[in-house]
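Participant: This is the content of coords_35.txt (compact mmCIF, C-alpha atoms):
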# COMPACT_ATOMS: atom_id res chain seq x y z
CA MET A 1 -94.20 49.50 143.68
CA ALA A 2 -95.12 45.82 143.99
CA ARG A 3 -97.41 44.14 141.46
CA ILE A 4 -99.70 41.60 143.12
CA ALA A 5 -101.97 39.35 141.06
CA ILE A 6 -104.87 37.40 142.54
CA LEU A 7 -106.04 34.52 140.40
CA GLY A 8 -109.69 33.97 141.27
CA ALA A 9 -112.57 36.31 142.12
CA GLY A 10 -114.63 34.12 144.43
CA LEU A 11 -114.90 34.15 148.21
CA GLY A 12 -111.14 33.95 148.79
CA GLY A 13 -109.99 36.10 145.86
CA THR A 14 -112.26 39.09 146.49
CA ILE A 15 -111.53 39.23 150.23
CA MET A 16 -107.83 38.78 149.43
CA ALA A 17 -107.91 41.82 147.16
CA TYR A 18 -109.75 43.92 149.74
CA GLU A 19 -107.47 42.89 152.60
CA LEU A 20 -104.30 43.57 150.60
CA ARG A 21 -105.59 46.99 149.62
CA GLU A 22 -106.26 47.77 153.28
CA ALA A 23 -102.80 46.57 154.29
CA LEU A 24 -100.80 48.15 151.46
CA GLY A 25 -102.64 51.37 150.70
CA LYS A 26 -102.68 52.85 147.17
CA GLY A 27 -98.95 52.60 146.51
CA HIS A 28 -99.01 49.09 145.04
CA GLU A 29 -100.80 47.52 142.07
CA ILE A 30 -103.36 44.83 142.92
CA SER A 31 -105.03 42.89 140.09
CA MET A 32 -107.81 40.31 140.33
CA ILE A 33 -108.45 37.80 137.55
CA GLY A 34 -111.82 36.09 137.35
CA LEU A 35 -114.21 34.49 134.89
CA GLY A 36 -116.68 37.30 134.40
CA ARG A 37 -117.22 40.47 136.40
CA HIS A 38 -119.69 39.08 138.95
CA TYR A 39 -119.09 37.64 142.41
CA SER A 40 -121.64 34.96 143.35
CA PHE A 41 -122.31 33.85 146.95
CA VAL A 42 -121.95 30.08 146.52
CA PRO A 43 -123.40 29.12 149.96
CA SER A 44 -126.79 30.39 148.76
CA ASN A 45 -126.91 28.02 145.79
CA PRO A 46 -129.03 25.37 147.59
CA TRP A 47 -131.66 28.08 148.10
CA VAL A 48 -131.43 29.06 144.42
CA ALA A 49 -132.02 25.44 143.44
CA VAL A 50 -135.45 25.41 145.11
CA GLY A 51 -136.42 28.94 144.06
CA TRP A 52 -135.82 30.70 147.38
CA ARG A 53 -133.22 33.02 145.84
CA SER A 54 -132.63 34.51 142.40
CA ARG A 55 -129.32 35.01 140.62
CA GLU A 56 -129.60 38.77 141.10
CA SER A 57 -130.09 38.49 144.86
CA ILE A 58 -126.78 36.67 145.47
CA GLU A 59 -124.51 38.31 142.88
CA VAL A 60 -122.37 41.44 143.08
CA ASP A 61 -120.94 43.34 140.09
CA LEU A 62 -117.26 43.66 140.97
CA GLU A 63 -116.41 46.25 138.34
CA GLU A 64 -117.66 49.26 140.30
CA VAL A 65 -116.32 48.17 143.69
CA CYS A 66 -112.92 47.41 142.16
CA ARG A 67 -112.83 50.85 140.59
CA LYS A 68 -113.62 52.50 143.92
CA ARG A 69 -111.01 50.44 145.76
CA GLY A 70 -108.28 51.00 143.17
CA LEU A 71 -108.20 47.36 142.08
CA LYS A 72 -107.71 46.15 138.51
CA LEU A 73 -110.22 43.53 137.39
CA TYR A 74 -109.48 41.13 134.51
CA PRO A 75 -112.77 39.31 133.77
CA GLN A 76 -111.43 37.27 130.86
CA GLY A 77 -109.94 34.58 133.10
CA ALA A 78 -106.57 32.85 132.92
CA ARG A 79 -105.28 30.23 130.50
CA LYS A 80 -102.00 29.33 132.23
CA VAL A 81 -99.78 30.43 135.08
CA GLN A 82 -96.09 30.65 134.13
CA PRO A 83 -94.39 30.79 137.54
CA GLN A 84 -90.83 30.66 136.15
CA GLU A 85 -91.50 33.93 134.28
CA LYS A 86 -93.78 35.39 136.99
CA ARG A 87 -96.47 35.79 134.37
CA ILE A 88 -100.09 34.77 133.78
CA GLU A 89 -101.40 34.15 130.27
CA LEU A 90 -105.00 35.31 130.06
CA ASN A 91 -107.73 33.68 128.00
CA ASP A 92 -107.73 36.49 125.44
CA GLY A 93 -103.99 36.05 124.76
CA ALA A 94 -102.84 38.99 126.89
CA CYS A 95 -100.26 38.47 129.64
CA LEU A 96 -100.06 39.87 133.16
CA ASP A 97 -96.71 40.05 134.96
CA TYR A 98 -96.52 39.95 138.75
CA ASP A 99 -94.12 40.22 141.65
CA TYR A 100 -96.41 38.20 143.93
CA LEU A 101 -99.23 35.86 142.98
CA VAL A 102 -102.08 34.57 145.15
CA ILE A 103 -103.88 31.58 143.67
CA ALA A 104 -107.51 31.54 144.80
CA THR A 105 -109.17 29.76 141.89
CA GLY A 106 -111.36 27.33 143.73
CA PRO A 107 -111.64 23.89 142.09
CA GLU A 108 -112.51 22.37 138.77
CA LEU A 109 -115.52 20.08 139.12
CA ALA A 110 -114.61 16.54 138.09
CA PHE A 111 -118.00 15.38 136.78
CA ASP A 112 -116.30 13.48 133.94
CA GLU A 113 -114.75 10.98 136.37
CA ILE A 114 -118.08 9.15 136.79
CA GLU A 115 -120.24 8.06 133.86
CA GLY A 116 -123.49 10.02 133.76
CA LEU A 117 -122.57 12.50 136.51
CA GLY A 118 -123.24 16.23 136.29
CA PRO A 119 -125.68 18.82 134.94
CA GLN A 120 -124.75 17.98 131.34
CA ALA A 121 -125.66 14.34 132.03
CA HIS A 122 -128.03 12.84 134.61
CA SER A 123 -127.51 14.60 137.95
CA GLN A 124 -127.78 18.12 139.29
CA SER A 125 -125.26 20.28 141.17
CA VAL A 126 -125.28 23.30 143.48
CA CYS A 127 -121.57 24.08 143.07
CA HIS A 128 -122.15 27.00 140.68
CA ILE A 129 -124.98 29.49 140.23
CA ASP A 130 -125.64 28.22 136.67
CA HIS A 131 -125.91 24.66 138.00
CA ALA A 132 -128.28 25.77 140.76
CA LEU A 133 -130.57 27.51 138.26
CA LYS A 134 -130.63 24.36 136.14
CA ALA A 135 -131.39 22.33 139.26
CA LYS A 136 -134.35 24.66 139.94
CA GLU A 137 -135.88 23.60 136.62
CA ALA A 138 -135.40 19.94 137.62
CA VAL A 139 -136.96 20.57 141.06
CA ASP A 140 -139.99 22.15 139.37
CA ALA A 141 -140.30 19.06 137.17
CA LEU A 142 -139.99 16.83 140.25
CA ILE A 143 -142.85 18.67 141.95
CA ARG A 144 -145.00 18.26 138.86
CA LYS A 145 -144.14 14.56 138.61
CA PRO A 146 -142.87 13.20 141.96
CA GLY A 147 -140.56 10.19 142.22
CA PRO A 148 -137.41 8.84 143.90
CA VAL A 149 -134.67 11.34 144.81
CA ILE A 150 -130.98 10.81 145.59
CA VAL A 151 -128.79 13.47 147.20
CA GLY A 152 -125.18 13.20 148.36
CA ALA A 153 -121.50 13.33 147.48
CA VAL A 154 -119.43 10.97 145.34
CA GLN A 155 -116.06 9.35 146.02
CA GLY A 156 -113.27 11.89 146.33
CA ALA A 157 -115.65 14.70 147.25
CA SER A 158 -114.40 17.12 149.89
CA CYS A 159 -117.42 19.36 150.42
CA PHE A 160 -120.23 17.54 152.23
CA GLY A 161 -122.08 20.34 154.02
CA PRO A 162 -123.98 21.53 150.92
CA ALA A 163 -125.15 17.96 150.26
CA TYR A 164 -126.75 17.73 153.70
CA GLU A 165 -128.13 21.24 153.33
CA PHE A 166 -129.70 20.52 149.98
CA ALA A 167 -131.27 17.25 151.16
CA PHE A 168 -133.10 19.03 153.97
CA ILE A 169 -133.88 22.17 151.98
CA LEU A 170 -135.36 20.03 149.21
CA ASP A 171 -137.36 18.12 151.84
CA LYS A 172 -138.81 21.43 153.06
CA ALA A 173 -139.60 22.60 149.51
CA LEU A 174 -141.35 19.31 148.76
CA ARG A 175 -143.33 19.51 152.01
CA ASP A 176 -144.38 23.06 151.11
CA ALA A 177 -145.52 21.78 147.72
CA LYS A 178 -147.39 18.93 149.49
CA VAL A 179 -145.70 16.19 147.44
CA ARG A 180 -143.10 14.96 149.95
CA ASP A 181 -145.19 11.84 150.63
CA ARG A 182 -144.60 10.76 147.01
CA VAL A 183 -140.84 11.35 147.01
CA PRO A 184 -138.70 8.63 148.65
CA MET A 185 -135.26 10.13 149.42
CA THR A 186 -131.85 8.48 149.85
CA PHE A 187 -128.65 10.19 150.97
CA VAL A 188 -125.63 8.57 149.26
CA THR A 189 -122.20 9.57 150.54
CA SER A 190 -118.58 8.50 150.36
CA GLU A 191 -118.19 9.36 154.05
CA PRO A 192 -117.48 6.38 156.36
CA TYR A 193 -120.35 7.53 158.58
CA ILE A 194 -123.02 10.21 158.57
CA GLY A 195 -121.60 13.49 159.84
CA HIS A 196 -117.97 12.66 159.07
CA LEU A 197 -117.86 15.73 156.77
CA GLY A 198 -114.30 14.95 155.68
CA LEU A 199 -113.22 16.00 159.18
CA ASP A 200 -113.80 12.80 161.17
CA GLY A 201 -116.82 14.56 162.62
CA VAL A 202 -117.11 17.72 164.69
CA GLY A 203 -118.70 17.38 168.11
CA ASP A 204 -121.70 15.09 167.72
CA THR A 205 -122.34 15.76 164.02
CA LYS A 206 -122.85 12.00 163.58
CA GLY A 207 -125.68 11.85 166.10
CA LEU A 208 -127.21 15.18 165.10
CA LEU A 209 -127.28 14.45 161.37
CA GLU A 210 -128.43 10.84 161.73
CA SER A 211 -131.28 12.07 163.91
CA GLU A 212 -132.21 14.75 161.36
CA LEU A 213 -132.17 12.24 158.49
CA ARG A 214 -134.45 9.87 160.43
CA ALA A 215 -136.80 12.70 161.40
CA HIS A 216 -137.07 13.72 157.75
CA HIS A 217 -137.55 10.13 156.49
CA ILE A 218 -134.33 10.12 154.48
CA LYS A 219 -132.50 6.79 154.18
CA TRP A 220 -128.72 6.74 153.77
CA ILE A 221 -125.84 4.74 152.37
CA CYS A 222 -122.28 5.42 153.58
CA ASN A 223 -118.94 4.22 152.17
CA ALA A 224 -120.63 4.63 148.81
CA LYS A 225 -118.80 4.51 145.49
CA VAL A 226 -121.00 5.77 142.65
CA ASP A 227 -120.29 3.56 139.64
CA LYS A 228 -122.55 5.14 137.02
CA LEU A 229 -125.93 6.72 136.57
CA ASP A 230 -128.48 7.38 133.88
CA ALA A 231 -131.77 9.24 133.77
CA GLU A 232 -133.58 6.55 135.75
CA ARG A 233 -131.00 4.78 137.96
CA MET A 234 -127.86 5.19 140.02
CA LEU A 235 -125.55 2.20 140.50
CA VAL A 236 -123.69 2.33 143.81
CA SER A 237 -121.14 0.00 145.40
CA GLU A 238 -121.16 0.08 149.20
CA MET A 239 -117.62 -0.69 150.31
CA ALA A 240 -116.42 -2.65 153.33
CA GLU A 241 -113.57 -1.60 155.62
CA ASP A 242 -111.08 -3.78 153.71
CA GLY A 243 -111.94 -2.13 150.40
CA SER A 244 -114.09 -5.00 149.10
CA VAL A 245 -117.66 -4.51 147.89
CA ARG A 246 -120.04 -5.18 150.76
CA GLN A 247 -123.22 -4.61 148.75
CA THR A 248 -124.36 -3.15 145.46
CA HIS A 249 -127.36 -0.84 145.14
CA ASP A 250 -129.46 -0.21 142.04
CA LEU A 251 -131.28 2.95 143.06
CA PRO A 252 -134.17 4.37 141.03
CA GLN A 253 -134.13 8.13 140.51
CA VAL A 254 -136.08 10.84 138.77
CA PHE A 255 -133.90 13.54 140.37
CA SER A 256 -130.44 13.49 141.92
CA MET A 257 -128.02 16.12 143.23
CA MET A 258 -124.53 14.69 143.78
CA LEU A 259 -121.52 16.80 144.70
CA PRO A 260 -118.50 15.83 142.56
CA ALA A 261 -114.85 15.36 143.41
CA PHE A 262 -112.66 18.42 142.92
CA ARG A 263 -109.35 18.88 141.13
CA GLY A 264 -107.10 21.83 140.37
CA VAL A 265 -108.05 24.15 137.52
CA GLU A 266 -106.32 23.83 134.16
CA ALA A 267 -104.45 27.12 134.57
CA VAL A 268 -102.29 25.61 137.34
CA ARG A 269 -102.48 21.86 136.68
CA ASP A 270 -99.37 19.87 135.78
CA ILE A 271 -96.89 22.56 136.85
CA GLU A 272 -94.07 20.71 138.58
CA GLY A 273 -93.36 22.00 142.07
CA LEU A 274 -96.50 24.12 142.16
CA VAL A 275 -99.21 21.48 142.46
CA ASN A 276 -99.77 17.89 143.55
CA PRO A 277 -100.90 15.16 141.09
CA ARG A 278 -104.51 16.20 141.60
CA GLY A 279 -103.70 19.80 140.66
CA PHE A 280 -104.02 21.36 144.12
CA VAL A 281 -101.43 23.98 145.07
CA LEU A 282 -98.72 22.97 147.53
CA VAL A 283 -98.14 25.46 150.36
CA ASP A 284 -96.14 25.68 153.56
CA ARG A 285 -97.47 26.90 156.92
CA HIS A 286 -97.31 30.48 155.65
CA GLN A 287 -99.55 29.69 152.61
CA ARG A 288 -96.44 29.98 150.40
CA ASN A 289 -95.42 27.56 147.67
CA PRO A 290 -92.01 25.98 148.44
CA ALA A 291 -90.84 25.85 144.80
CA PHE A 292 -91.98 29.36 143.83
CA PRO A 293 -91.68 31.56 146.95
CA GLU A 294 -93.46 34.52 145.37
CA VAL A 295 -96.59 32.36 144.92
CA PHE A 296 -99.19 31.90 147.65
CA ALA A 297 -102.47 29.96 147.62
CA ILE A 298 -105.70 30.15 149.60
CA GLY A 299 -109.01 28.32 149.67
CA VAL A 300 -110.25 25.19 147.96
CA CYS A 301 -107.30 25.12 145.55
CA VAL A 302 -104.87 24.38 148.43
CA ALA A 303 -103.57 20.82 148.84
CA ILE A 304 -104.58 19.35 152.22
CA PRO A 305 -104.13 15.62 152.93
CA PRO A 306 -107.13 13.58 154.19
CA VAL A 307 -107.63 13.37 157.97
CA GLY A 308 -107.28 9.57 157.84
CA LYS A 309 -107.72 6.46 155.73
CA THR A 310 -111.29 5.64 154.69
CA PRO A 311 -112.72 2.76 152.60
CA VAL A 312 -113.81 5.28 149.95
CA PRO A 313 -111.69 8.39 149.20
CA VAL A 314 -112.87 11.42 151.19
CA GLY A 315 -111.32 14.88 150.91
CA VAL A 316 -110.98 17.66 153.48
CA PRO A 317 -113.34 20.65 153.12
CA LYS A 318 -112.15 24.24 153.15
CA THR A 319 -114.87 26.19 154.96
CA GLY A 320 -115.45 29.90 154.52
CA PHE A 321 -113.88 30.99 157.79
CA MET A 322 -110.92 28.70 157.23
CA ILE A 323 -110.40 30.41 153.86
CA GLU A 324 -110.64 33.85 155.46
CA SER A 325 -107.95 32.86 157.96
CA MET A 326 -105.73 31.89 155.01
CA VAL A 327 -106.44 35.31 153.46
CA THR A 328 -105.42 37.21 156.58
CA ALA A 329 -102.20 35.23 156.96
CA THR A 330 -101.31 35.65 153.29
CA ALA A 331 -101.93 39.40 153.31
CA HIS A 332 -99.72 39.76 156.38
CA ASN A 333 -96.95 37.67 154.83
CA ILE A 334 -96.94 39.50 151.49
CA VAL A 335 -96.66 42.82 153.33
CA ARG A 336 -93.68 41.36 155.21
CA LEU A 337 -91.98 40.36 151.95
CA ILE A 338 -92.54 43.78 150.41
CA GLU A 339 -90.92 45.27 153.51
CA GLY A 340 -87.90 43.01 153.03
CA LYS A 341 -88.82 40.71 155.92
CA GLU A 342 -89.67 37.01 156.11
CA PRO A 343 -93.25 35.66 156.43
CA ASP A 344 -94.22 34.83 160.00
CA ALA A 345 -98.03 34.51 160.05
CA GLU A 346 -99.87 31.19 160.12
CA ALA A 347 -103.60 30.78 159.51
CA THR A 348 -105.53 29.05 162.29
CA TRP A 349 -107.58 26.98 159.83
CA ASN A 350 -110.44 27.16 162.31
CA ALA A 351 -113.81 26.02 160.93
CA VAL A 352 -117.07 27.82 161.65
CA CYS A 353 -120.00 26.41 159.67
CA LEU A 354 -123.74 27.08 159.51
CA ALA A 355 -125.59 24.30 157.66
CA ASP A 356 -129.12 25.41 156.83
CA PHE A 357 -131.95 22.84 156.70
CA GLY A 358 -134.66 25.14 155.37
CA ASP A 359 -136.34 25.81 158.71
CA SER A 360 -133.62 24.70 161.13
CA GLY A 361 -129.99 23.61 160.81
CA VAL A 362 -126.74 22.46 162.38
CA ALA A 363 -123.80 24.68 163.36
CA PHE A 364 -120.32 23.58 164.29
CA VAL A 365 -117.03 25.08 165.40
CA ALA A 366 -113.77 23.18 164.99
CA GLN A 367 -110.60 24.81 166.29
CA PRO A 368 -108.52 23.88 164.40
CA GLN A 369 -110.38 22.24 161.53
CA ILE A 370 -107.99 19.26 161.44
CA PRO A 371 -108.01 17.07 164.62
CA PRO A 372 -106.86 17.03 167.38
CA ARG A 373 -108.79 20.15 168.34
CA ASN A 374 -108.97 22.68 171.13
CA VAL A 375 -112.68 23.26 170.42
CA ASN A 376 -114.96 20.54 169.02
CA TRP A 377 -118.58 21.69 169.18
CA ALA A 378 -121.82 21.19 167.25
CA SER A 379 -125.41 22.26 167.88
CA SER A 380 -128.73 22.33 166.06
CA GLY A 381 -131.93 24.36 166.07
CA LYS A 382 -134.07 26.88 164.24
CA TRP A 383 -131.59 29.63 165.17
CA VAL A 384 -129.13 28.21 162.63
CA HIS A 385 -131.47 29.01 159.72
CA ALA A 386 -131.87 32.59 160.94
CA ALA A 387 -128.11 32.90 161.41
CA LYS A 388 -127.41 31.61 157.89
CA VAL A 389 -129.81 34.14 156.37
CA GLY A 390 -128.20 36.91 158.40
CA PHE A 391 -124.71 35.83 157.38
CA GLU A 392 -125.67 35.82 153.69
CA LYS A 393 -126.86 39.43 153.90
CA TYR A 394 -123.80 40.48 155.91
CA PHE A 395 -121.28 38.83 153.60
CA LEU A 396 -122.84 40.22 150.42
CA HIS A 397 -122.75 43.67 152.02
CA LYS A 398 -119.06 43.12 152.76
CA ILE A 399 -118.38 42.25 149.10
CA ARG A 400 -120.39 45.24 147.82
CA SER A 401 -118.62 47.65 150.17
CA GLY A 402 -115.11 46.37 149.41
CA VAL A 403 -114.25 45.91 153.10
CA SER A 404 -112.58 42.68 154.15
CA GLU A 405 -113.41 42.71 157.86
CA PRO A 406 -115.63 45.39 159.45
CA PHE A 407 -114.95 46.25 163.08
CA TYR A 408 -118.10 44.48 164.29
CA GLU A 409 -116.93 41.21 162.73
CA LYS A 410 -113.67 41.52 164.64
CA LEU A 411 -115.59 42.17 167.86
CA ALA A 412 -117.90 39.19 167.29
CA LEU A 413 -115.00 36.83 166.59
CA GLN A 414 -113.16 38.08 169.66
CA ALA A 415 -116.25 37.50 171.77
CA LEU A 416 -116.48 33.94 170.48
CA GLY A 417 -112.77 33.35 171.09
CA ILE A 418 -112.16 32.61 167.39
CA ASP A 419 -108.93 33.82 165.80
CA LYS A 420 -107.88 33.99 162.15
CA LEU A 421 -104.17 33.93 162.93
CA LYS A 422 -102.06 31.84 165.23
CA GLU A 423 -99.90 33.81 167.61
CA VAL A 424 -97.10 34.99 165.37
CA LYS A 425 -93.97 32.91 165.78
CA PHE A 426 -90.62 34.30 164.72
CA ASP A 427 -88.18 31.87 163.13
CA HIS A 428 -85.56 34.62 162.84
CA PRO A 429 -83.97 37.14 165.25
CA ALA A 430 -86.30 39.82 166.55
CA GLU A 431 -86.15 42.96 164.42
How does the structure come out when it is put into structure tokens?

Facilitator:
Amino acid sequence: MARIAILGAGLGGTIMAYELREALGKGHEISMIGLGRHYSFVPSNPWVAVGWRSRESIEVDLEEVCRKRGLKLYPQGARKVQPQEKRIELNDGACLDYDYLVIATGPELAFDEIEGLGPQAHSQSVCHIDHALKAKEAVDALIRKPGPVIVGAVQGASCFGPAYEFAFILDKALRDAKVRDRVPMTFVTSEPYIGHLGLDGVGDTKGLLESELRAHHIKWICNAKVDKLDAERMLVSEMAEDGSVRQTHDLPQVFSMMLPAFRGVEAVRDIEGLVNPRGFVLVDRHQRNPAFPEVFAIGVCVAIPPVGKTPVPVGVPKTGFMIESMVTATAHNIVRLIEGKEPDAEATWNAVCLADFGDSGVAFVAQPQIPPRNVNWASSGKWVHAAKVGFEKYFLHKIRSGVSEPFYEKLALQALGIDKLKEVKFDHPAE
């Protein structure tokens, strides 16, 4: 019997547990370690922040589904991974030994790297359900007393879609409240151009998103380095191509929502051979760590280099479908190892994204996510909003049911020509 531990109970960790259970059956022990017993659908957080969703509507209690699926849930969280001993120290002092470990922690949010940034200081966030609920209180205050708003992503950020989503969703909420005319809005981003998204654009995301910002009367500043902020102002340096300061901006604010840079979580940080200096897990093309071959990693915690040099540091996003492709490859490869074979599956890292704008949106498909691509497509319209709502309901149903990929999802992906796995390549003699 193999003991498999999954560190993280978010999008990647839960689907990882379900997919491994499907692949391995009941004969192996699968444990999932999370902070708390609830799964929260993070893509819905921008809706939570304007009151369109409640905590209860986007959360799933994992305890019951884990029991039904024969999964062990450790809600106390992890203090430190000890890869040399194949052990995880939990936050309550207990230890969990493993034969294989999948790290799916997501990131730590690096608010402390900029003075005044974050929900405990002078800006809001939609990265966590608790942050989104706090942002809802700030949005209510903004509606009662309108004033200048700043939305965007700081230097080193790698997740830009939710910033665009929130800017347009907030615009819609303010229009519904009939106060938009008293709320000047500025989009501040470390991207070199609007629609870069950490991916050097996908299709015509530059043109589509610039057009949407103009249509919604939202000004923007690119190549932006946020220096500091307080309750009333945000100080921003706009950088030139050579790294010099082109212009400084002293922006008034009564409300801001800025996505932070990410770093690896403390449980894996500073482990030589496991992570890079930023704390992200190093993996090969099979999602496997080179120094500790029984350790795999999926999702936002994976180290991926930037797509190119930019005046202000910009990270690469890990979209939901890209993460699911990592899950499928990892499950396949762990099964191979248990069978005494070598890993041979590679994730496609294809990106499929629906960015909701409240009453419309932008969708894009990048195959693969990192250029050059075989498919490079983007489109906009009201259908995107409807599709995002439908996907939220579908994905939460998938988490509640404990099924990683229902047959109709497979059929839909096949119809779209989107694959989770590259054609398996054998680096060893056929067996």

Participant: Pull the neighbourhood of (-128.3, 29.9, 163.3) for me: all residues within 8 Å in file coordinates, counting all atoms listed in the file, as a list in words.

Facilitator: Leu354, Asp356, Ser360, Gly361, Val362, Ala363, Gly381, Lys382, Trp383, Val384, His385, Ala386, Ala387 and Lys388 of chain A

Participant: Could you build a table of the residues in stretch 24-44 of chain A lying no more than 10 Å from stretch 395-402 of chain A, giving for each the nearest pair of atoms and their separation in Å rounded to one decimal place, using all atoms listed in the file, ordered by chain and ascending residue number, as CSV?

Facilitator:
residue,atom,partner,partner_atom,distance
A:Tyr39,CA,A:Ile399,CA,8.2
A:Ser40,CA,A:Leu396,CA,8.9
A:Phe41,CA,A:Leu396,CA,7.3

Participant: Grab the atom CA of A:Val312 to atom CA of A:Ser237 distance for me, in Å with one decimal place.

Facilitator: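 Value for the atom CA of A:Val312-atom CA of A:Ser237 distance: 10.1 Å.
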
Participant: A:Gln367: which residues within 8 Å, counting only C-alpha atoms, same-chain residues fewer than 2 positions away excluded, as a ChimeraX atom specification?

Facilitator: /A:348-351,365,369-370,373-376

Participant: May I ask which of the residues A:Asp270, A:Asp284, A:Asp181, A:Glu324 is the closest one to A:Gly10, counting only C-alpha atoms?

Facilitator: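 The shortest atom-to-atom distance to A:Gly10 comes from A:Glu324.
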
Participant: So the first atom is atom CA of A:Leu11 and the second is atom CA of A:Val202; what is the distance between them in Å, to one decimal place?

Facilitator: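 Separation between atom CA of A:Leu11 and atom CA of A:Val202: 23.4 Å.
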
Participant: For A:Phe111, which residue among A:Leu197, A:Leu259, A:Leu35, A:Met234 is the nearest when counting all atoms listed in the file?

Facilitator: A:Leu259

Participant: Output as a tab-separated table one row per residue of stretch 282-312 of chain A within 12 Å of stretch 155-165 of chain A: the closest atom pair and its distance in Å to one decimal place, counting all atoms listed in the file, sorted by chain and residue number ascending.

Facilitator:
residue	atom	partner	partner_atom	distance
A:Val300	CA	A:Ser158	CA	9.3
A:Cys301	CA	A:Ser158	CA	11.5
A:Ala303	CA	A:Ser158	CA	11.5
A:Ile304	CA	A:Ser158	CA	10.3
A:Pro305	CA	A:Ser158	CA	10.8
A:Pro306	CA	A:Ser158	CA	9.2
A:Val307	CA	A:Ser158	CA	11.2
A:Thr310	CA	A:Gln155	CA	10.6
A:Pro311	CA	A:Gln155	CA	9.9
A:Val312	CA	A:Gln155	CA	6.1

Participant: Name the residues, using the chain letters and numbers of the file, that sit within 10 Å of (-100.5, 38.2, 130.9) when counting all atoms listed in the file, and give them as a short mmCIF file (atom, residue, chain, number, x, y, z; two decimals) with C-alpha atoms, in the frame of the given file.

Facilitator:
data_model
loop_
_atom_site.label_atom_id
_atom_site.label_comp_id
_atom_site.auth_asym_id
_atom_site.auth_seq_id
_atom_site.Cartn_x
_atom_site.Cartn_y
_atom_site.Cartn_z
CA ALA A 78 -106.57 32.85 132.92
CA ARG A 79 -105.28 30.23 130.50
CA LYS A 80 -102.00 29.33 132.23
CA VAL A 81 -99.78 30.43 135.08
CA GLN A 82 -96.09 30.65 134.13
CA LYS A 86 -93.78 35.39 136.99
CA ARG A 87 -96.47 35.79 134.37
CA ILE A 88 -100.09 34.77 133.78
CA GLU A 89 -101.40 34.15 130.27
CA LEU A 90 -105.00 35.31 130.06
CA ASN A 91 -107.73 33.68 128.00
CA ASP A 92 -107.73 36.49 125.44
CA GLY A 93 -103.99 36.05 124.76
CA ALA A 94 -102.84 38.99 126.89
CA CYS A 95 -100.26 38.47 129.64
CA LEU A 96 -100.06 39.87 133.16
CA ASP A 97 -96.71 40.05 134.96
CA TYR A 98 -96.52 39.95 138.75
#
